[in-house]
Amino acid sequence: METILNVAQIQAFLPHRYPFLLVDRIIELVAGERIVGLKNVTINEPFFQGHFPGMPVMPGVLQIEAMAQTGGLLLLNQIAEPEKKLLLFAGIDEVKFRRPVVPGDTLHITMTLLRFKGKVARLRGEISVAGQVVSEALITSVLVDRDSLTVG
């Protein structure tokens with residue numbers, strides 16, 4: 001598998017950092033269409049301490065976040081000055097979790113762009129492990145200026 005974007009290149013596009021960066025590398029990128037990212041799930045993930053002790057399972061909400069981050073890379077790769085933009089959740093629909101994700105799994109995160117009009121994007125996401133779908137969702141995101149968000 002060829003690496004299209006490594007973790008350092010991913011961090012140039014996304015503001016997420018450890019422990020919340022949930023994409024390790026990009027192995028496929030078809031601009032304006034599709035992206036495939038990988039996430040290696042290890043027992044060292046901080047969420048496994050509490051979810052669930054003795055039976056570690058990756059939370060579904062973090063699987064959705066991994067989809068969103070991967071989709072964000074697809075969208076940010078096709079706009080001017082991506083370092084000045086952020087993608088925020090606007091909606092999550094048709095979510096399905098088909099089996100637990102556990103330490104040792106490698107997530108293949110596939111995001112397909114359905115529509116990107118104005119500042120609103122709609123993507124179909126699917127995560128598979130060893131060729132078996134573990135989760136899927138439709139994600140709507142909105143593109144905003146980073147400096148329009150204030151803390152405080």
# chains A, B, ... in the order shown; residues from 1 in each chain; ligands from 1
call {"tool": "closest_atom_pairs", "arguments": {"of": "region 73-121 of chain A", "to": "region 21-25 of chain A", "cutoff": "10 Å", "atoms": "only C-alpha atoms", "output": "Markdown table"}}
result
| residue | atom | partner | partner_atom | distance |
| --- | --- | --- | --- | --- |
| A:Leu73 | CA | A:Val23 | CA | 9.8 |
| A:Leu107 | CA | A:Val23 | CA | 9.0 |
| A:His108 | CA | A:Val23 | CA | 9.7 |
| A:Ile109 | CA | A:Val23 | CA | 8.5 |
call {"tool": "write_last_selection", "arguments": {"atoms": "N, CA and C atoms", "output": "PDB file, in the first residue's frame"}}
result
ATOM      1  N   LEU A  73      -9.988  15.562   5.092  1.00  0.00           N
ATOM      2  CA  LEU A  73      -8.783  15.580   4.257  1.00  0.00           C
ATOM      3  C   LEU A  73      -9.138  15.599   2.773  1.00  0.00           C
ATOM      4  N   LEU A 107      -8.286  -0.047  10.790  1.00  0.00           N
ATOM      5  CA  LEU A 107      -9.473   0.522  10.162  1.00  0.00           C
ATOM      6  C   LEU A 107      -9.126   1.015   8.760  1.00  0.00           C
ATOM      7  N   HIS A 108      -9.895   0.577   7.768  1.00  0.00           N
ATOM      8  CA  HIS A 108      -9.833   1.118   6.415  1.00  0.00           C
ATOM      9  C   HIS A 108     -11.030   2.049   6.306  1.00  0.00           C
ATOM     10  N   ILE A 109     -10.756   3.343   6.284  1.00  0.00           N
ATOM     11  CA  ILE A 109     -11.795   4.364   6.326  1.00  0.00           C
ATOM     12  C   ILE A 109     -11.978   4.917   4.912  1.00  0.00           C
TER      13      ILE A 109
END
call {"tool": "closest_atom_pairs", "arguments": {"of": "region 30-83 of chain A", "to": "region 13-17 of chain A", "cutoff": "10 Å", "atoms": "only C-alpha atoms", "output": "Markdown table"}}
result
| residue | atom | partner | partner_atom | distance |
| --- | --- | --- | --- | --- |
| A:Gln69 | CA | A:Leu14 | CA | 7.5 |
| A:Thr70 | CA | A:Leu14 | CA | 9.5 |
| A:Gly72 | CA | A:Leu14 | CA | 7.7 |
| A:Leu73 | CA | A:Phe13 | CA | 6.8 |
| A:Leu76 | CA | A:Phe13 | CA | 6.9 |
| A:Asn77 | CA | A:Phe13 | CA | 8.0 |
| A:Glu81 | CA | A:Phe13 | CA | 9.8 |
| A:Pro82 | CA | A:Phe13 | CA | 6.6 |
| A:Glu83 | CA | A:Phe13 | CA | 6.1 |
call {"tool": "write_last_selection", "arguments": {"atoms": "C-alpha atoms", "output": "PDB file, in the first residue's frame"}}
result
ATOM      1  CA  GLN A  69     -11.368  13.514   9.795  1.00  0.00           C
ATOM      2  CA  THR A  70     -10.706  11.386   6.712  1.00  0.00           C
ATOM      3  CA  GLY A  72     -12.073  16.467   5.925  1.00  0.00           C
ATOM      4  CA  LEU A  73      -8.783  15.580   4.257  1.00  0.00           C
ATOM      5  CA  LEU A  76      -9.465  20.332   2.345  1.00  0.00           C
ATOM      6  CA  ASN A  77      -7.273  18.925  -0.435  1.00  0.00           C
ATOM      7  CA  GLU A  81      -5.762  27.976   1.608  1.00  0.00           C
ATOM      8  CA  PRO A  82      -6.937  24.876   3.516  1.00  0.00           C
ATOM      9  CA  GLU A  83      -4.893  25.934   6.564  1.00  0.00           C
TER      10      GLU A  83
END
call {"tool": "select_by_dssp", "arguments": {"residues": "chain A", "states": "alpha helix (DSSP H)", "output": "ChimeraX atom specification"}}
result
/A:7-13,60-76
call {"tool": "write_last_selection", "arguments": {"atoms": "N, CA and C atoms", "output": "PDB file, in the first residue's frame"}}
result
ATOM      1  N   VAL A   7       1.416  10.909   8.445  1.00  0.00           N
ATOM      2  CA  VAL A   7       0.808  11.611   9.585  1.00  0.00           C
ATOM      3  C   VAL A   7       1.250  13.072   9.669  1.00  0.00           C
ATOM      4  N   ALA A   8       2.490  13.374   9.320  1.00  0.00           N
ATOM      5  CA  ALA A   8       2.947  14.770   9.345  1.00  0.00           C
ATOM      6  C   ALA A   8       2.191  15.603   8.315  1.00  0.00           C
ATOM      7  N   GLN A   9       1.957  15.048   7.143  1.00  0.00           N
ATOM      8  CA  GLN A   9       1.207  15.757   6.101  1.00  0.00           C
ATOM      9  C   GLN A   9      -0.266  15.903   6.492  1.00  0.00           C
ATOM     10  N   ILE A  10      -0.813  14.894   7.150  1.00  0.00           N
ATOM     11  CA  ILE A  10      -2.195  14.967   7.632  1.00  0.00           C
ATOM     12  C   ILE A  10      -2.329  16.110   8.628  1.00  0.00           C
ATOM     13  N   GLN A  11      -1.352  16.251   9.518  1.00  0.00           N
ATOM     14  CA  GLN A  11      -1.404  17.309  10.530  1.00  0.00           C
ATOM     15  C   GLN A  11      -1.273  18.699   9.923  1.00  0.00           C
ATOM     16  N   ALA A  12      -0.755  18.801   8.704  1.00  0.00           N
ATOM     17  CA  ALA A  12      -0.701  20.100   8.027  1.00  0.00           C
ATOM     18  C   ALA A  12      -2.107  20.544   7.601  1.00  0.00           C
ATOM     19  N   PHE A  13      -3.013  19.598   7.420  1.00  0.00           N
ATOM     20  CA  PHE A  13      -4.385  19.914   7.010  1.00  0.00           C
ATOM     21  C   PHE A  13      -5.358  19.965   8.188  1.00  0.00           C
ATOM     22  N   GLY A  60     -18.125   3.945  19.211  1.00  0.00           N
ATOM     23  CA  GLY A  60     -18.686   4.245  17.899  1.00  0.00           C
ATOM     24  C   GLY A  60     -18.526   5.701  17.519  1.00  0.00           C
ATOM     25  N   VAL A  61     -18.659   6.585  18.487  1.00  0.00           N
ATOM     26  CA  VAL A  61     -18.539   8.014  18.201  1.00  0.00           C
ATOM     27  C   VAL A  61     -17.135   8.341  17.675  1.00  0.00           C
ATOM     28  N   LEU A  62     -16.120   7.607  18.124  1.00  0.00           N
ATOM     29  CA  LEU A  62     -14.765   7.842  17.622  1.00  0.00           C
ATOM     30  C   LEU A  62     -14.584   7.263  16.224  1.00  0.00           C
ATOM     31  N   GLN A  63     -15.325   6.223  15.899  1.00  0.00           N
ATOM     32  CA  GLN A  63     -15.320   5.727  14.523  1.00  0.00           C
ATOM     33  C   GLN A  63     -15.912   6.780  13.588  1.00  0.00           C
ATOM     34  N   ILE A  64     -16.990   7.408  14.020  1.00  0.00           N
ATOM     35  CA  ILE A  64     -17.599   8.482  13.223  1.00  0.00           C
ATOM     36  C   ILE A  64     -16.614   9.649  13.089  1.00  0.00           C
ATOM     37  N   GLU A  65     -15.921   9.978  14.162  1.00  0.00           N
ATOM     38  CA  GLU A  65     -14.919  11.045  14.115  1.00  0.00           C
ATOM     39  C   GLU A  65     -13.794  10.687  13.140  1.00  0.00           C
ATOM     40  N   ALA A  66     -13.362   9.442  13.124  1.00  0.00           N
ATOM     41  CA  ALA A  66     -12.327   9.014  12.173  1.00  0.00           C
ATOM     42  C   ALA A  66     -12.815   9.200  10.737  1.00  0.00           C
ATOM     43  N   MET A  67     -14.094   8.893  10.497  1.00  0.00           N
ATOM     44  CA  MET A  67     -14.671   9.128   9.166  1.00  0.00           C
ATOM     45  C   MET A  67     -14.636  10.621   8.834  1.00  0.00           C
ATOM     46  N   ALA A  68     -15.051  11.439   9.787  1.00  0.00           N
ATOM     47  CA  ALA A  68     -15.110  12.881   9.549  1.00  0.00           C
ATOM     48  C   ALA A  68     -13.722  13.459   9.263  1.00  0.00           C
ATOM     49  N   GLN A  69     -12.722  13.020  10.026  1.00  0.00           N
ATOM     50  CA  GLN A  69     -11.368  13.514   9.795  1.00  0.00           C
ATOM     51  C   GLN A  69     -10.861  13.096   8.417  1.00  0.00           C
ATOM     52  N   THR A  70     -11.128  11.869   8.029  1.00  0.00           N
ATOM     53  CA  THR A  70     -10.706  11.386   6.712  1.00  0.00           C
ATOM     54  C   THR A  70     -11.430  12.152   5.611  1.00  0.00           C
ATOM     55  N   GLY A  71     -12.730  12.342   5.781  1.00  0.00           N
ATOM     56  CA  GLY A  71     -13.496  13.136   4.815  1.00  0.00           C
ATOM     57  C   GLY A  71     -13.007  14.570   4.744  1.00  0.00           C
ATOM     58  N   GLY A  72     -12.618  15.118   5.891  1.00  0.00           N
ATOM     59  CA  GLY A  72     -12.073  16.467   5.925  1.00  0.00           C
ATOM     60  C   GLY A  72     -10.820  16.587   5.075  1.00  0.00           C
ATOM     61  N   LEU A  73      -9.988  15.562   5.092  1.00  0.00           N
ATOM     62  CA  LEU A  73      -8.783  15.580   4.257  1.00  0.00           C
ATOM     63  C   LEU A  73      -9.138  15.599   2.773  1.00  0.00           C
ATOM     64  N   LEU A  74     -10.165  14.862   2.389  1.00  0.00           N
ATOM     65  CA  LEU A  74     -10.621  14.872   0.999  1.00  0.00           C
ATOM     66  C   LEU A  74     -11.064  16.274   0.594  1.00  0.00           C
ATOM     67  N   LEU A  75     -11.854  16.909   1.438  1.00  0.00           N
ATOM     68  CA  LEU A  75     -12.391  18.231   1.111  1.00  0.00           C
ATOM     69  C   LEU A  75     -11.324  19.320   1.173  1.00  0.00           C
ATOM     70  N   LEU A  76     -10.491  19.294   2.199  1.00  0.00           N
ATOM     71  CA  LEU A  76      -9.465  20.332   2.345  1.00  0.00           C
ATOM     72  C   LEU A  76      -8.408  20.248   1.252  1.00  0.00           C
TER      73      LEU A  76
END
call {"tool": "atom_distance", "arguments": {"atom1": "CA of Lys39 (chain A)", "atom2": "CA of Pro59 (chain A)"}}
result
14.0 Å
call {"tool": "residues_around", "arguments": {"residues": "Glu2 (chain A)", "least_positions_apart": "5", "cutoff": "9 Å", "atoms": "only C-alpha atoms", "output": "CSV table (one decimal) with N, CA and C atoms, in the first residue's frame"}}
result
chain,number,residue,atom,x,y,z
A,26,ILE,N,-3.0,8.2,4.6
A,26,ILE,CA,-3.9,8.1,3.5
A,26,ILE,C,-3.3,7.2,2.4
A,27,ILE,N,-4.0,6.3,2.0
A,27,ILE,CA,-3.5,5.3,1.0
A,27,ILE,C,-4.1,5.5,-0.4
A,28,GLU,N,-5.2,6.3,-0.5
A,28,GLU,CA,-5.9,6.5,-1.8
A,28,GLU,C,-6.5,7.9,-1.7
call {"tool": "closest_residue", "arguments": {"among": "A:Leu86, A:Val41, A:Val36, A:Leu5", "to": "Gly125 (chain A)", "atoms": "only C-alpha atoms"}}
result
A:Val36
call {"tool": "residues_around", "arguments": {"residues": "Thr106 (chain A)", "least_positions_apart": "5", "cutoff": "9 Å", "atoms": "only C-alpha atoms", "output": "mmCIF file with C-alpha atoms, in the first residue's frame"}}
result
data_model
loop_
_atom_site.group_PDB
_atom_site.id
_atom_site.type_symbol
_atom_site.label_atom_id
_atom_site.label_comp_id
_atom_site.auth_asym_id
_atom_site.auth_seq_id
_atom_site.Cartn_x
_atom_site.Cartn_y
_atom_site.Cartn_z
ATOM 1 C CA LEU A 38 -5.921 3.889 7.740
ATOM 2 C CA LYS A 39 -6.057 3.898 11.529
ATOM 3 C CA ASN A 40 -4.149 1.262 13.482
ATOM 4 C CA VAL A 41 -6.054 0.590 16.693
ATOM 5 C CA THR A 42 -3.763 -0.369 19.587
ATOM 6 C CA VAL A 101 -13.605 -2.559 16.838
ATOM 7 C CA SER A 128 -13.944 -1.936 7.290
ATOM 8 C CA VAL A 129 -11.588 -4.291 9.105
ATOM 9 C CA ALA A 130 -10.086 -7.199 7.165
#
call {"tool": "atom_distance", "arguments": {"atom1": "CA of Ala121 (chain A)", "atom2": "CA of Leu149 (chain A)"}}
result
19.2 Å
call {"tool": "closest_residue", "arguments": {"among": "A:Phe89, A:Phe47, A:Tyr18, A:Phe52", "to": "Arg122 (chain A)", "atoms": "only C-alpha atoms"}}
result
A:Phe89
call {"tool": "select_by_dssp", "arguments": {"residues": "region 1-107 of chain A", "states": "strand (DSSP E or B)", "output": "JSON, numbers by chain"}}
result
{"A": [5, 25, 26, 27, 28, 29, 30, 34, 35, 36, 37, 38, 39, 40, 85, 86, 87, 88, 89, 90, 91, 92, 93, 94, 95, 96, 97, 106, 107]}
call {"tool": "closest_residue", "arguments": {"among": "A:Val30, A:Pro56, A:Ile92, A:Ile79", "to": "Asn44 (chain A)", "atoms": "only C-alpha atoms"}}
result
A:Pro56
call {"tool": "residues_around", "arguments": {"residues": "Pro100 (chain A)", "least_positions_apart": "4", "cutoff": "8 Å", "atoms": "only C-alpha atoms", "output": "list in words"}}
result
Val57, Met58 and Val134 of chain A
call {"tool": "write_last_selection", "arguments": {"atoms": "N, CA and C atoms", "output": "mmCIF file, in the first residue's frame"}}
result
data_model
loop_
_atom_site.group_PDB
_atom_site.id
_atom_site.type_symbol
_atom_site.label_atom_id
_atom_site.label_comp_id
_atom_site.auth_asym_id
_atom_site.auth_seq_id
_atom_site.Cartn_x
_atom_site.Cartn_y
_atom_site.Cartn_z
ATOM 1 N N VAL A 57 -13.262 -1.895 23.649
ATOM 2 C CA VAL A 57 -14.021 -1.678 22.422
ATOM 3 C C VAL A 57 -13.887 -0.198 22.043
ATOM 4 N N MET A 58 -13.555 0.072 20.776
ATOM 5 C CA MET A 58 -13.461 1.465 20.313
ATOM 6 C C MET A 58 -14.869 2.064 20.265
ATOM 7 N N VAL A 134 -17.508 -2.567 9.425
ATOM 8 C CA VAL A 134 -17.785 -2.489 10.863
ATOM 9 C C VAL A 134 -18.682 -1.305 11.208
#
call {"tool": "atom_distance", "arguments": {"atom1": "CA of Gln132 (chain A)", "atom2": "CA of Pro103 (chain A)"}}
result
15.8 Å
call {"tool": "closest_residue", "arguments": {"among": "A:Leu138, A:Val133, A:Leu113, A:Val151", "to": "Phe97 (chain A)", "atoms": "only C-alpha atoms"}}
result
A:Val133
call {"tool": "closest_residue", "arguments": {"among": "A:His51, A:Arg124, A:Lys84, A:Arg34", "to": "Ser148 (chain A)", "atoms": "only C-alpha atoms"}}
result
A:Lys84
